[in-house]
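Asker: Please find coords32.cif (mmCIF, C-alpha atoms) on the next line:
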```cif
data_coords
loop_
_atom_site.label_atom_id
_atom_site.label_comp_id
_atom_site.auth_asym_id
_atom_site.auth_seq_id
_atom_site.Cartn_x
_atom_site.Cartn_y
_atom_site.Cartn_z
CA MET N 272 237.74 -168.86 48.13
CA SER N 273 234.83 -166.52 48.84
CA ASN N 274 231.67 -168.03 50.24
CA TYR N 275 228.56 -166.11 49.37
CA LYS N 276 225.00 -167.09 50.11
CA VAL N 277 222.38 -166.50 47.43
CA LEU N 278 218.61 -166.80 47.71
CA ILE N 279 216.54 -167.59 44.61
CA VAL N 280 212.83 -166.87 44.93
CA GLU N 281 210.95 -168.29 41.96
CA ASP N 282 207.76 -170.35 41.67
CA SER N 283 208.80 -172.16 38.49
CA PRO N 284 211.06 -175.16 39.26
CA THR N 285 212.37 -175.07 35.69
CA MET N 286 213.33 -171.42 36.00
CA ARG N 287 214.91 -172.06 39.41
CA GLN N 288 216.98 -174.85 37.89
CA LEU N 289 218.06 -172.58 35.05
CA ILE N 290 219.19 -169.87 37.49
CA VAL N 291 220.92 -172.35 39.79
CA PHE N 292 222.73 -173.91 36.84
CA ALA N 293 223.88 -170.48 35.69
CA LEU N 294 225.07 -169.38 39.15
CA LYS N 295 226.99 -172.59 39.73
CA ARG N 296 229.61 -171.22 37.39
CA LEU N 297 230.56 -168.77 40.12
CA ARG N 298 232.58 -170.70 42.62
CA GLY N 299 231.99 -170.43 46.32
CA LEU N 300 228.25 -169.82 46.19
CA THR N 301 225.76 -171.44 48.50
CA ILE N 302 222.35 -171.34 46.84
CA VAL N 303 219.06 -171.52 48.71
CA GLU N 304 215.77 -171.86 46.80
CA ALA N 305 212.32 -170.57 47.72
CA ASN N 306 208.95 -171.08 45.94
CA ASP N 307 207.42 -167.66 46.62
CA GLY N 308 207.78 -164.46 48.61
CA VAL N 309 206.63 -165.93 51.91
CA ASP N 310 208.95 -168.92 51.53
CA GLY N 311 211.70 -166.48 50.63
CA LEU N 312 211.18 -164.45 53.81
CA LYS N 313 211.23 -167.64 55.86
CA LYS N 314 214.53 -168.70 54.32
CA LEU N 315 215.92 -165.20 54.87
CA SER N 316 215.12 -165.02 58.54
CA GLY N 317 217.90 -165.90 60.89
CA ASP N 318 220.45 -166.23 58.12
CA LYS N 319 222.83 -163.94 56.32
CA PHE N 320 222.46 -163.63 52.55
CA ASP N 321 224.67 -161.76 50.11
CA LEU N 322 222.27 -161.66 47.16
CA ILE N 323 218.59 -162.23 46.41
CA LEU N 324 217.23 -163.08 42.96
CA THR N 325 213.46 -162.98 42.71
CA ASP N 326 210.65 -163.32 40.21
CA ILE N 327 207.75 -160.86 40.36
CA ASN N 328 204.69 -162.93 39.50
CA MET N 329 204.42 -165.57 42.19
CA PRO N 330 201.55 -166.99 44.26
CA ILE N 331 200.98 -166.04 47.93
CA MET N 332 203.47 -163.14 47.89
CA ASP N 333 204.87 -161.53 44.77
CA GLY N 334 208.41 -160.33 44.24
CA LEU N 335 207.65 -156.61 44.59
CA LYS N 336 206.16 -157.16 48.04
CA LEU N 337 209.23 -159.17 48.95
CA VAL N 338 211.55 -156.36 47.76
CA SER N 339 209.56 -153.84 49.78
CA LEU N 340 209.69 -155.95 52.96
CA VAL N 341 213.39 -156.68 52.60
CA ARG N 342 214.25 -153.02 52.06
CA ASN N 343 212.28 -152.00 55.15
CA ASP N 344 213.92 -154.57 57.38
CA PRO N 345 217.10 -153.20 58.98
CA THR N 346 218.63 -156.70 59.02
CA TYR N 347 218.42 -157.25 55.24
CA LYS N 348 218.00 -153.76 53.83
CA ASP N 349 221.48 -153.76 52.30
CA VAL N 350 221.24 -157.14 50.59
CA PRO N 351 221.36 -156.60 46.79
CA ILE N 352 218.23 -157.72 44.93
CA VAL N 353 217.95 -158.81 41.31
CA ILE N 354 214.52 -159.07 39.72
CA ILE N 355 214.08 -161.69 36.99
CA THR N 356 210.67 -161.38 35.40
CA THR N 357 208.46 -161.68 32.33
CA GLU N 358 207.27 -158.09 32.94
CA GLY N 359 209.15 -156.11 30.34
CA ALA N 360 207.30 -152.77 30.46
CA SER N 361 209.35 -149.78 31.58
CA GLU N 362 206.82 -148.85 34.29
CA ASP N 363 207.28 -152.31 35.86
CA ARG N 364 211.03 -151.79 35.84
CA ASP N 365 210.67 -148.30 37.35
CA ARG N 366 208.38 -149.59 40.08
CA ALA N 367 210.78 -152.38 41.03
CA MET N 368 213.80 -150.06 41.03
CA ALA N 369 211.91 -147.47 43.08
CA LEU N 370 211.18 -150.13 45.69
CA GLY N 371 214.88 -150.82 45.98
CA ALA N 372 215.80 -153.51 43.44
CA ASP N 373 219.40 -153.27 42.24
CA GLU N 374 218.97 -154.96 38.87
CA TYR N 375 216.04 -155.78 36.62
CA ILE N 376 216.41 -158.61 34.11
CA THR N 377 213.60 -159.72 31.83
CA LYS N 378 212.70 -163.23 30.69
CA PRO N 379 213.27 -165.33 28.65
CA ILE N 380 216.27 -166.27 30.71
CA GLN N 381 219.42 -164.28 29.98
CA THR N 382 222.18 -166.30 31.61
CA ALA N 383 224.95 -163.88 30.70
CA LYS N 384 223.09 -160.93 32.27
CA ILE N 385 222.29 -162.89 35.43
CA LEU N 386 225.94 -163.89 35.79
CA GLU N 387 227.12 -160.36 35.12
CA ALA N 388 224.73 -158.93 37.74
CA ALA N 389 225.69 -161.56 40.31
CA ARG N 390 229.42 -160.96 39.71
CA ARG N 391 228.99 -157.22 40.06
CA LEU N 392 226.75 -157.24 43.11
CA LEU N 393 228.84 -159.85 44.91
CA ASN N 394 232.06 -158.02 43.97
CA PHE N 395 233.40 -161.06 42.19
CA GLY N 396 236.60 -160.64 40.23
CA PRO N 397 236.52 -161.07 36.44
CA MET K 1086 358.32 -102.36 6.86
CA THR K 1087 357.73 -99.33 4.80
CA GLU K 1088 354.73 -97.09 4.58
CA HIS K 1089 354.19 -98.35 1.06
CA ASP K 1090 354.12 -101.96 2.24
CA ASP K 1091 351.65 -101.03 4.94
CA ASP K 1092 349.37 -99.39 2.40
CA LYS K 1093 349.54 -102.45 0.18
CA LEU K 1094 348.67 -104.77 3.08
CA SER K 1095 345.77 -102.58 4.13
CA GLY K 1096 344.40 -102.51 0.59
CA LYS K 1097 344.65 -106.31 0.35
CA ARG K 1098 342.82 -106.76 3.60
CA ALA K 1099 340.09 -104.34 2.53
CA GLU K 1100 339.73 -106.20 -0.73
CA GLU K 1101 339.49 -109.54 1.13
CA PHE K 1102 336.93 -108.04 3.46
CA LEU K 1103 334.94 -106.77 0.54
CA GLN K 1104 335.10 -110.21 -1.04
CA VAL K 1105 333.87 -111.81 2.18
CA PHE K 1106 331.20 -109.19 2.55
CA LYS K 1107 330.05 -109.71 -1.06
CA LYS K 1108 329.92 -113.45 -0.49
CA GLY K 1109 328.01 -112.86 2.74
CA ALA K 1110 325.61 -110.58 0.90
CA GLU K 1111 325.17 -113.16 -1.85
CA PHE K 1112 324.64 -115.87 0.73
CA THR K 1113 322.12 -113.73 2.53
CA GLN K 1114 320.44 -113.04 -0.78
CA ASP K 1115 320.25 -116.77 -1.47
CA LEU K 1116 318.90 -117.41 2.02
CA LEU K 1117 316.25 -114.78 1.56
CA LYS K 1118 315.22 -116.29 -1.77
CA GLU K 1119 315.16 -119.79 -0.28
CA ASN K 1120 313.16 -118.46 2.61
CA GLU K 1121 310.71 -116.85 0.24
CA ARG K 1122 310.40 -120.01 -1.75
CA LEU K 1123 309.86 -122.11 1.35
CA ARG K 1124 307.28 -119.72 2.72
CA TYR K 1125 305.43 -119.89 -0.56
CA ARG K 1126 305.60 -123.65 -0.46
CA VAL K 1127 304.37 -123.73 3.14
CA VAL K 1128 301.43 -121.53 2.19
CA ARG K 1129 300.63 -123.80 -0.74
CA LEU K 1130 300.91 -126.87 1.44
CA GLU K 1131 298.72 -125.31 4.10
CA GLU K 1132 296.13 -124.45 1.51
CA ALA K 1133 296.33 -127.91 0.05
CA LEU K 1134 296.01 -129.41 3.51
CA LYS K 1135 293.06 -127.19 4.29
CA GLU K 1136 291.42 -128.19 1.07
CA GLN K 1137 292.11 -131.81 1.71
CA GLU K 1138 290.82 -131.54 5.27
CA SER K 1139 287.66 -129.81 4.19
CA GLU K 1140 287.12 -132.32 1.38
CA GLY K 1141 287.87 -135.22 3.66
CA GLY K 1142 285.43 -133.90 6.48
CA ALA K 1143 282.45 -133.58 4.13
CA GLY K 1144 283.00 -137.10 2.95
CA ASP K 1145 282.87 -138.42 6.51
CA ALA K 1146 279.71 -136.45 7.26
CA ASP K 1147 278.08 -137.81 4.13
CA ALA K 1148 279.06 -141.30 5.08
CA GLU K 1149 277.72 -140.79 8.60
CA ASN K 1150 274.53 -139.31 7.21
CA MET K 1151 274.15 -142.23 4.89
CA LYS K 1152 274.72 -144.63 7.74
CA LEU K 1153 272.18 -142.87 9.93
CA ARG K 1154 269.68 -142.75 7.10
CA ARG K 1155 270.03 -146.50 6.60
CA ARG K 1156 269.59 -147.05 10.33
CA ILE K 1157 266.46 -144.90 10.34
CA GLU K 1158 265.12 -146.87 7.41
CA ASP K 1159 265.85 -150.13 9.22
CA LEU K 1160 264.16 -148.82 12.36
CA GLU K 1161 261.18 -147.58 10.36
CA ARG K 1162 260.89 -150.99 8.74
CA GLU K 1163 261.15 -152.65 12.14
CA LYS K 1164 258.53 -150.26 13.54
CA GLN K 1165 256.19 -151.07 10.67
CA GLU K 1166 256.72 -154.77 11.22
CA ILE K 1167 255.98 -154.36 14.93
CA LEU K 1168 252.87 -152.28 14.13
CA ASP K 1169 251.72 -154.94 11.66
CA ARG K 1170 252.31 -157.61 14.28
CA ILE K 1171 250.39 -155.60 16.88
CA LYS K 1172 247.52 -155.24 14.42
CA LEU K 1173 247.60 -158.97 13.80
CA VAL K 1174 247.64 -159.73 17.52
CA GLU K 1175 244.82 -157.26 18.11
CA ALA K 1176 242.78 -158.88 15.35
CA GLU K 1177 243.53 -162.28 16.86
CA ASN K 1178 242.52 -161.00 20.31
CA LEU K 1179 239.28 -159.64 18.92
CA ASP K 1180 238.68 -162.93 17.18
CA PHE K 1181 239.36 -164.83 20.42
CA ALA K 1182 237.07 -162.47 22.35
CA ASN K 1183 234.29 -162.95 19.79
CA ARG K 1184 234.81 -166.69 19.83
CA TYR K 1185 234.73 -166.66 23.63
CA VAL K 1186 231.43 -164.77 23.60
CA GLU K 1187 230.03 -167.17 21.00
CA ILE K 1188 231.20 -170.22 22.96
CA GLU K 1189 229.82 -168.72 26.16
CA ALA K 1190 226.46 -168.12 24.48
CA GLU K 1191 226.50 -171.63 23.03
CA ASN K 1192 227.41 -173.00 26.45
CA ASN K 1193 224.48 -171.11 27.99
CA SER K 1194 222.13 -172.40 25.30
CA LEU K 1195 223.29 -175.98 25.81
CA ALA K 1196 222.90 -175.64 29.58
CA ASN K 1197 219.37 -174.31 29.09
CA LEU K 1198 218.52 -177.11 26.67
CA TYR K 1199 219.88 -179.63 29.15
CA ILE K 1200 217.75 -178.20 31.98
CA ALA K 1201 214.66 -178.13 29.76
CA SER K 1202 215.21 -181.73 28.69
CA TYR K 1203 215.98 -182.81 32.25
CA GLN K 1204 212.85 -181.13 33.60
CA LEU K 1205 210.65 -182.65 30.88
CA HIS K 1206 211.73 -186.15 31.85
CA SER K 1207 211.81 -185.54 35.59
CA THR K 1208 208.21 -186.62 36.11
CA LEU K 1209 205.68 -189.13 34.88
CA ASP K 1210 202.75 -187.03 36.02
CA PHE K 1211 200.82 -185.79 32.98
CA LYS K 1212 199.87 -182.44 34.56
CA GLU K 1213 203.41 -181.83 35.72
CA VAL K 1214 204.72 -182.53 32.23
CA LEU K 1215 202.29 -179.96 30.82
CA GLN K 1216 203.44 -177.54 33.54
CA VAL K 1217 207.08 -178.04 32.58
CA ILE K 1218 206.24 -177.44 28.90
CA THR K 1219 204.45 -174.23 29.90
CA GLU K 1220 207.44 -173.09 31.98
CA ILE K 1221 209.85 -173.80 29.14
CA VAL K 1222 207.76 -171.89 26.62
CA ILE K 1223 207.50 -168.89 28.98
CA ASN K 1224 210.97 -168.83 30.52
CA LEU K 1225 213.12 -170.09 27.69
CA ILE K 1226 211.25 -169.07 24.56
CA GLY K 1227 209.56 -165.96 25.96
CA ALA K 1228 205.97 -166.56 24.83
CA GLU K 1229 203.09 -164.79 26.53
CA GLU K 1230 200.09 -166.40 24.84
CA PHE K 1231 200.19 -170.00 23.73
CA ALA K 1232 198.49 -173.38 23.99
CA VAL K 1233 199.28 -177.07 23.80
CA LEU K 1234 196.87 -179.15 21.74
CA LEU K 1235 196.91 -182.95 21.85
CA LEU K 1236 195.61 -185.34 19.25
CA ASP K 1237 192.69 -187.57 20.13
CA GLU K 1238 193.52 -190.77 18.24
CA LYS K 1239 189.86 -191.82 18.15
CA THR K 1240 188.43 -188.64 16.62
CA ASN K 1241 191.67 -187.59 14.86
CA LYS K 1242 191.14 -184.07 16.20
CA LEU K 1243 193.35 -181.72 18.14
CA GLN K 1244 192.10 -180.44 21.47
CA ALA K 1245 193.75 -177.79 23.69
CA VAL K 1246 194.84 -179.23 27.04
CA VAL K 1247 196.66 -176.23 28.45
CA GLY K 1248 196.72 -172.54 27.60
CA GLU K 1249 198.63 -169.52 28.84
CA GLY K 1250 197.06 -166.14 28.11
CA VAL K 1251 194.35 -167.88 26.07
CA GLU K 1252 191.27 -169.86 27.04
CA THR K 1253 191.54 -173.47 25.87
CA SER K 1254 187.82 -173.38 25.05
CA ASP K 1255 188.42 -170.54 22.57
CA LEU K 1256 190.53 -172.84 20.45
CA GLY K 1257 187.83 -175.52 20.07
CA THR K 1258 188.78 -178.72 18.26
CA ILE K 1259 190.78 -178.84 15.06
CA ALA K 1260 190.69 -181.79 12.69
CA VAL K 1261 194.01 -183.05 11.34
CA GLY K 1262 194.53 -181.49 7.91
CA GLU K 1263 192.08 -178.66 8.67
CA GLY K 1264 193.45 -175.13 8.46
CA LEU K 1265 197.03 -174.16 9.16
CA ILE K 1266 197.28 -175.92 12.53
CA GLY K 1267 195.66 -179.12 11.23
CA GLN K 1268 197.93 -179.04 8.21
CA MET K 1269 201.08 -178.77 10.36
CA ALA K 1270 199.81 -181.65 12.50
CA LYS K 1271 199.33 -183.67 9.33
CA THR K 1272 202.71 -182.90 7.75
CA GLY K 1273 204.72 -182.71 10.97
CA GLU K 1274 206.44 -179.53 9.78
CA ASN K 1275 207.20 -176.50 11.96
CA TYR K 1276 205.48 -173.26 11.03
CA PHE K 1277 206.86 -169.78 11.71
CA ILE K 1278 205.03 -166.68 10.54
CA GLU K 1279 207.04 -164.70 7.99
CA GLU K 1280 206.32 -161.22 9.36
CA MET K 1281 205.71 -160.81 13.08
CA GLU K 1282 205.22 -157.06 12.99
CA GLY K 1283 201.56 -156.06 12.89
CA TYR K 1284 200.37 -159.56 13.69
CA VAL K 1285 196.89 -159.68 15.21
CA ARG K 1286 195.97 -162.77 17.18
CA ASP K 1287 194.06 -165.29 15.12
CA PHE K 1288 193.44 -168.68 16.73
CA GLN K 1289 193.59 -170.35 13.31
CA HIS K 1290 196.82 -168.59 12.29
CA PRO K 1291 199.35 -168.57 15.14
CA LEU K 1292 202.81 -167.02 15.09
CA VAL K 1293 204.32 -170.44 15.54
CA CYS K 1294 203.02 -173.99 15.28
CA ILE K 1295 205.29 -176.82 16.45
CA PRO K 1296 204.09 -180.39 16.00
CA LEU K 1297 204.98 -182.68 18.92
CA LYS K 1298 206.40 -185.78 17.30
CA ILE K 1299 207.65 -189.20 18.33
CA LYS K 1300 209.70 -190.04 15.27
CA GLU K 1301 207.21 -189.17 12.51
CA HIS K 1302 204.11 -189.73 14.62
CA VAL K 1303 202.47 -186.45 15.61
CA ILE K 1304 200.75 -186.54 19.00
CA GLY K 1305 199.91 -182.83 19.28
CA VAL K 1306 201.05 -179.28 18.61
CA ILE K 1307 202.25 -176.19 20.46
CA VAL K 1308 200.81 -172.96 19.10
CA ILE K 1309 202.14 -169.53 20.06
CA TYR K 1310 200.05 -166.39 19.59
CA LYS K 1311 202.06 -163.71 21.34
CA LEU K 1312 205.61 -163.18 22.54
CA LEU K 1313 206.61 -161.20 25.64
CA VAL K 1314 206.75 -157.45 25.01
CA GLN K 1315 210.55 -157.42 25.29
CA LYS K 1316 210.92 -160.21 22.74
CA SER K 1317 210.56 -158.90 19.21
CA ARG K 1318 211.87 -161.88 17.27
CA PHE K 1319 213.12 -165.41 17.68
CA ALA K 1320 216.74 -166.09 18.51
CA GLU K 1321 218.78 -168.89 16.95
CA VAL K 1322 218.53 -170.91 20.16
CA ASP K 1323 214.71 -170.75 19.98
CA TYR K 1324 214.70 -172.94 16.89
CA GLU K 1325 216.83 -175.49 18.74
CA LEU K 1326 214.40 -175.27 21.64
CA PHE K 1327 211.47 -175.84 19.32
CA THR K 1328 213.21 -178.92 17.93
CA LEU K 1329 213.88 -180.13 21.47
CA LEU K 1330 210.29 -179.48 22.47
CA ALA K 1331 208.97 -181.27 19.43
CA GLY K 1332 210.78 -184.46 20.42
CA HIS K 1333 211.22 -184.41 24.19
CA ALA K 1334 207.87 -182.88 25.09
CA ALA K 1335 206.15 -185.45 22.88
CA THR K 1336 207.88 -188.40 24.54
CA ALA K 1337 207.34 -186.91 28.01
CA ILE K 1338 203.62 -186.43 27.30
CA PHE K 1339 203.32 -189.88 25.77
CA SER K 1340 205.16 -191.58 28.65
CA SER K 1341 203.17 -189.78 31.31
CA LYS K 1342 199.89 -190.67 29.59
CA LEU K 1343 200.91 -194.30 29.31
CA TYR K 1344 201.99 -194.28 32.94
CA SER K 1345 198.69 -192.73 34.06
CA GLU K 1346 196.75 -195.32 32.06
CA SER K 1347 198.81 -198.20 33.41
CA GLU K 1348 198.40 -196.85 36.93
CA ARG K 1349 194.64 -196.66 36.41
CA LYS K 1350 194.53 -200.18 34.96
CA LEU K 1351 196.71 -201.49 37.75
CA SER K 1352 194.41 -199.90 40.28
CA THR K 1353 191.36 -201.49 38.60
CA ILE K 1354 193.00 -204.92 38.43
CA GLN K 1355 194.11 -204.57 42.04
CA GLY K 1356 190.48 -203.78 42.93
CA PHE K 1357 189.30 -206.95 41.18
CA ILE K 1358 191.98 -209.04 42.86
CA ASP K 1359 191.04 -207.61 46.24
CA LEU K 1360 187.38 -208.44 45.55
CA LEU K 1361 188.20 -211.98 44.48
CA THR K 1362 190.59 -212.71 47.33
CA LYS K 1363 188.41 -211.34 50.14
#
```
Take the structure I supplied and represent it as structure tokens, if you would.
Answerer:
Amino acid sequence: MSNYKVLIVEDSPTMRQLIVFALKRLRGLTIVEANDGVDGLKKLSGDKFDLILTDINMPIMDGLKLVSLVRNDPTYKDVPIVIITTEGASEDRDRAMALGADEYITKPIQTAKILEAARRLLNFGP
Amino acid sequence: MTEHDDDKLSGKRAEEFLQVFKKGAEFTQDLLKENERLRYRVVRLEEALKEQESEGGAGDADAENMKLRRRIEDLEREKQEILDRIKLVEAENLDFANRYVEIEAENNSLANLYIASYQLHSTLDFKEVLQVITEIVINLIGAEEFAVLLLDEKTNKLQAVVGEGVETSDLGTIAVGEGLIGQMAKTGENYFIEEMEGYVRDFQHPLVCIPLKIKEHVIGVIVIYKLLVQKSRFAEVDYELFTLLAGHAATAIFSSKLYSESERKLSTIQGFIDLLTK
């Protein structure tokens, strides 16, 4: 059984729970939660992650800053990043993708899309 | 023997020879006739045989053709049956796939409803309950501008306690029975605007107004003025969420308020006891 490590960076506990509940359907995942970008970076350091899911609008450090820092760090630059956000405008999507996000999913929560993105980016079988 | 006797004997022998020769010629003649007749018969028989053979061959070919034709028909019928069966199986597969997608979507909706309900009852802190309601309305329903108004039992008026994208002060107070929001609070019925397109925010006429009810007792309302840009209309699950919010959010708010009051009273009583016992 594969054992992947996933980091969820989201300031809303309800949203975090929703994402965790969705990802639990994929077996062999270890899920780590963070409240904001800074917390996310702390949890990232010194550990190996296979996937990051992050919100954009968060206190202290937003998701775009987190994406930028991760992509410029040689240790984590290859970790796939999925943005899950309320920002649905195409320019927001373009900005996030230009910074290095791999997938951009808008709220309200779309469980099927999150699962599909996680499966694809973690190279899960069908 | 005399010369005369010799002549007589020679003549007799010649006559006998001629007789034999004549008989031989007749016999030969008969043989030739018989031969002719037999040859004619052979030719006739050969022709008859040829005819029979050719007639008999065509019959076999026809029979074979017929047999093959029947076999082709059988195979065609079998092929059609197989094709029909494949079509049926494909239709069944499509049906199963659609049902799987539907069940998966239903499963997701139920999981989301479970999380929302769980989160609503995970705290007895009034502010946290309001925060959970806000998170549910944003993350599960997809609203951008909305407010929660609670009923003041003393004044019988609704007052905004939390707002997202709107200032609570802009909403003012709304008497029960007054305007659309007051009317929904009075009747306890959900309100959904008929046409979302072209809607301009009006604090008195929201897109959605959901009374928060404990049984038939309304304790407040949730009003939504704007959905997220990527959300153009409500999904089926949203109506289930609204129903869940109407009940669970109401009890969560009510419980947390009661708990806060009891905590405050307990603290006051504890203060008195401390004063009396010191």
Asker: For the structure provided, state which residues fall under the PyMOL selection byres ((chain N) within 9 of (chain K)), and present them as a ChimeraX atom specification.
Answerer: /N:283-286,288-289,292-293,356-360,377-383
Asker: Determine the residue set returned by the PyMOL selection byres ((chain N and resi 333-344) around 8) for the present structure, and present it as a list in words.
Answerer: Val280, Asp307, Gly308, Val309, Gly311, Leu312, Thr325, Asp326, Ile327, Asn328, Met329, Pro330, Ile331, Met332, Pro345, Thr346, Tyr347, Lys348, Asp349, Ile352, Ile354, Ala367, Leu370, Gly371 and Ala372 of chain N
Asker: Which residue out of K:Arg1170, K:Arg1126, K:Lys1242, K:Lys1300 has the minimum interatomic distance to Ala1331 in chain K when all atoms listed in the file are used?
Answerer: K:Lys1300
Asker: Could you work out how far CA of Tyr1276 in chain K lies from CA of Leu1312 in chain K, giving the answer in Å with one decimal?
Answerer: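 CA of Tyr1276 in chain K lies 15.3 Å from CA of Leu1312 in chain K.
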Asker: Going by the chain IDs and residue numbers used in this file, which residues fall under the PyMOL selection byres ((chain N and resi 323) around 9)? Write them as a list of chain:residue names.
Answerer: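 Those residues are N:Lys276, N:Val277, N:Leu278, N:Ile279, N:Val280, N:Phe320, N:Asp321, N:Leu322, N:Leu324, N:Thr325, N:Val350, N:Pro351, N:Ile352, N:Val353, N:Ile354.
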Asker: Can I get the selected residues back with C-alpha atoms, as a short mmCIF file (atom, residue, chain, number, x, y, z; two decimals), in the frame of the given file?
Answerer:
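The resulting file, out.cif, is shown below:
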```
data_model
loop_
_atom_site.label_atom_id
_atom_site.label_comp_id
_atom_site.auth_asym_id
_atom_site.auth_seq_id
_atom_site.Cartn_x
_atom_site.Cartn_y
_atom_site.Cartn_z
CA LYS N 276 225.00 -167.09 50.11
CA VAL N 277 222.38 -166.50 47.43
CA LEU N 278 218.61 -166.80 47.71
CA ILE N 279 216.54 -167.59 44.61
CA VAL N 280 212.83 -166.87 44.93
CA PHE N 320 222.46 -163.63 52.55
CA ASP N 321 224.67 -161.76 50.11
CA LEU N 322 222.27 -161.66 47.16
CA LEU N 324 217.23 -163.08 42.96
CA THR N 325 213.46 -162.98 42.71
CA VAL N 350 221.24 -157.14 50.59
CA PRO N 351 221.36 -156.60 46.79
CA ILE N 352 218.23 -157.72 44.93
CA VAL N 353 217.95 -158.81 41.31
CA ILE N 354 214.52 -159.07 39.72
#
```
Asker: What's the separation between CA of Gln1289 in chain K and CA of Ala1232 in chain K, in Å to one decimal place?
Answerer: 12.1 Å
Asker: How many Å lie between CA of Leu1243 in chain K and CA of Val1261 in chain K, rounded to one decimal?
Answerer: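 One can read the CA of Leu1243 in chain K to CA of Val1261 in chain K distance as 7.0 Å.
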